[in-house]
Amino acid sequence: MPDVPSARRPAGELEAEVLAALWSARQPMTPQDVQAALGGDLARTTIATILARLFDKGTVERTRAGRAYAYTPTVQDTAGLAARRMHTELGREADRSTVLARFVSDLSAEDEQLLRDLLGDGIPGADLPGTDLPGAGPGLPGAAGR
């Protein structure tokens, strides 16, 4: 049987498109507003489902707008979205120290230096007790041999 190309979009692509529409609007949008912003190719129910999933993930907030909801992103851009995902993953593990240590050990030398610079400049919350990076002494874990 020949391979038939899939008509499905890559995972997360629709969510990214919906978020991009919300970011560009700079005001709350209903599913109908989002549908119009995306060119009307997707069904309103599909967009409503995507928005509901983003709401469940905490990526958007919603308020009543007549019989529908109007949605506003809780993150400002793709960097904020990536940071939220990283925070969510970190929160899934009881041993946060080990998770952070393993994450840091896999950083490139450039990313390690960037992290050190950011922490040195005082990332909000970075100087609070219990937020020190494991092994933040001379050389972060895994830094040897770089």
# chains A, B, ... in the order shown; residues from 1 in each chain; ligands from 1

$ residues_around --residues "Gln35 of chain A" --least-positions-apart "2" --cutoff "10 Å" --atoms "only C-alpha atoms" --output "list in words"
Val18, Ala21, Met29, Thr30, Pro31, Gln32, Asp33, Ala37, Leu38, Gly39, Gly40, Asp41, Leu42, Ala43, Arg44, Thr45, Thr46, Ile47 and Ala48 of chain A

$ select_by_dssp --residues "segment 22-105 of chain A" --states "helix (DSSP H, G or I)" --output "PyMOL selection string"
chain A and resi 22-25+31-37+44-57+78-91+96-105

$ select_by_dssp --residues "segment 43-81 of chain A" --states "strand (DSSP E)" --output "JSON, numbers by chain"
{"A": [60, 61, 62, 63, 64, 65, 68, 69, 70, 71, 72, 73]}

$ residues_around --residues "Val99 of chain A" --least-positions-apart "4" --cutoff "7 Å" --atoms "only C-alpha atoms" --output "list in words"
Leu90, Asp95 and Phe103 of chain A

$ write_last_selection --atoms "all heavy atoms" --output "CSV table (one decimal), in the first residue's frame"
chain,number,residue,atom,x,y,z
A,90,LEU,N,9.3,21.3,35.2
A,90,LEU,CA,10.0,21.3,36.5
A,90,LEU,C,9.0,21.0,37.6
A,90,LEU,O,9.4,20.3,38.6
A,90,LEU,CB,10.7,22.7,36.7
A,90,LEU,CG,11.5,22.8,38.0
A,90,LEU,CD1,12.6,21.8,38.1
A,90,LEU,CD2,12.0,24.3,38.1
A,95,ASP,N,11.7,16.0,42.9
A,95,ASP,CA,13.1,16.3,43.2
A,95,ASP,C,13.6,17.4,42.2
A,95,ASP,O,14.3,17.1,41.2
A,95,ASP,CB,14.0,15.1,43.0
A,95,ASP,CG,15.4,15.3,43.4
A,95,ASP,OD1,15.8,16.4,43.8
A,95,ASP,OD2,16.2,14.3,43.4
A,103,PHE,N,19.4,19.5,33.9
A,103,PHE,CA,19.2,20.5,32.9
A,103,PHE,C,20.5,21.3,32.7
A,103,PHE,O,21.0,21.5,31.5
A,103,PHE,CB,18.0,21.4,33.2
A,103,PHE,CG,17.8,22.5,32.3
A,103,PHE,CD1,17.3,22.3,31.0
A,103,PHE,CD2,18.3,23.8,32.6
A,103,PHE,CE1,17.1,23.4,30.1
A,103,PHE,CE2,18.1,24.9,31.7
A,103,PHE,CZ,17.5,24.7,30.5

$ closest_residue --among "A:Val34, A:Gly58, A:Arg26, A:Glu112" --to "Arg85 of chain A" --atoms "only C-alpha atoms"
A:Gly58

$ atom_distance --atom1 "atom CA of Asp77 of chain A" --atom2 "atom CA of Trp23 of chain A"
7.2 Å

$ closest_residue --among "A:Ala82, A:Ala65, A:Ala36, A:Leu100" --to "Ala16 of chain A" --atoms "only C-alpha atoms"
A:Ala82

$ atom_distance --atom1 "atom CA of Val60 of chain A" --atom2 "atom CA of Leu119 of chain A"
28.1 Å

$ residues_around --residues "Glu61 of chain A" --least-positions-apart "5" --cutoff "8 Å" --atoms "only C-alpha atoms" --output "ChimeraX atom specification"
/A:55,71-74

$ write_last_selection --atoms "C-alpha atoms" --output "PDB file, in the first residue's frame"
ATOM      1  CA  PHE A  55      -7.101  27.770  28.927  1.00  0.00           C
ATOM      2  CA  TYR A  71      -9.553  34.998  25.471  1.00  0.00           C
ATOM      3  CA  THR A  72      -6.362  36.835  26.395  1.00  0.00           C
ATOM      4  CA  PRO A  73      -2.889  35.238  26.428  1.00  0.00           C
ATOM      5  CA  THR A  74      -1.163  34.938  29.791  1.00  0.00           C
TER       6      THR A  74
END
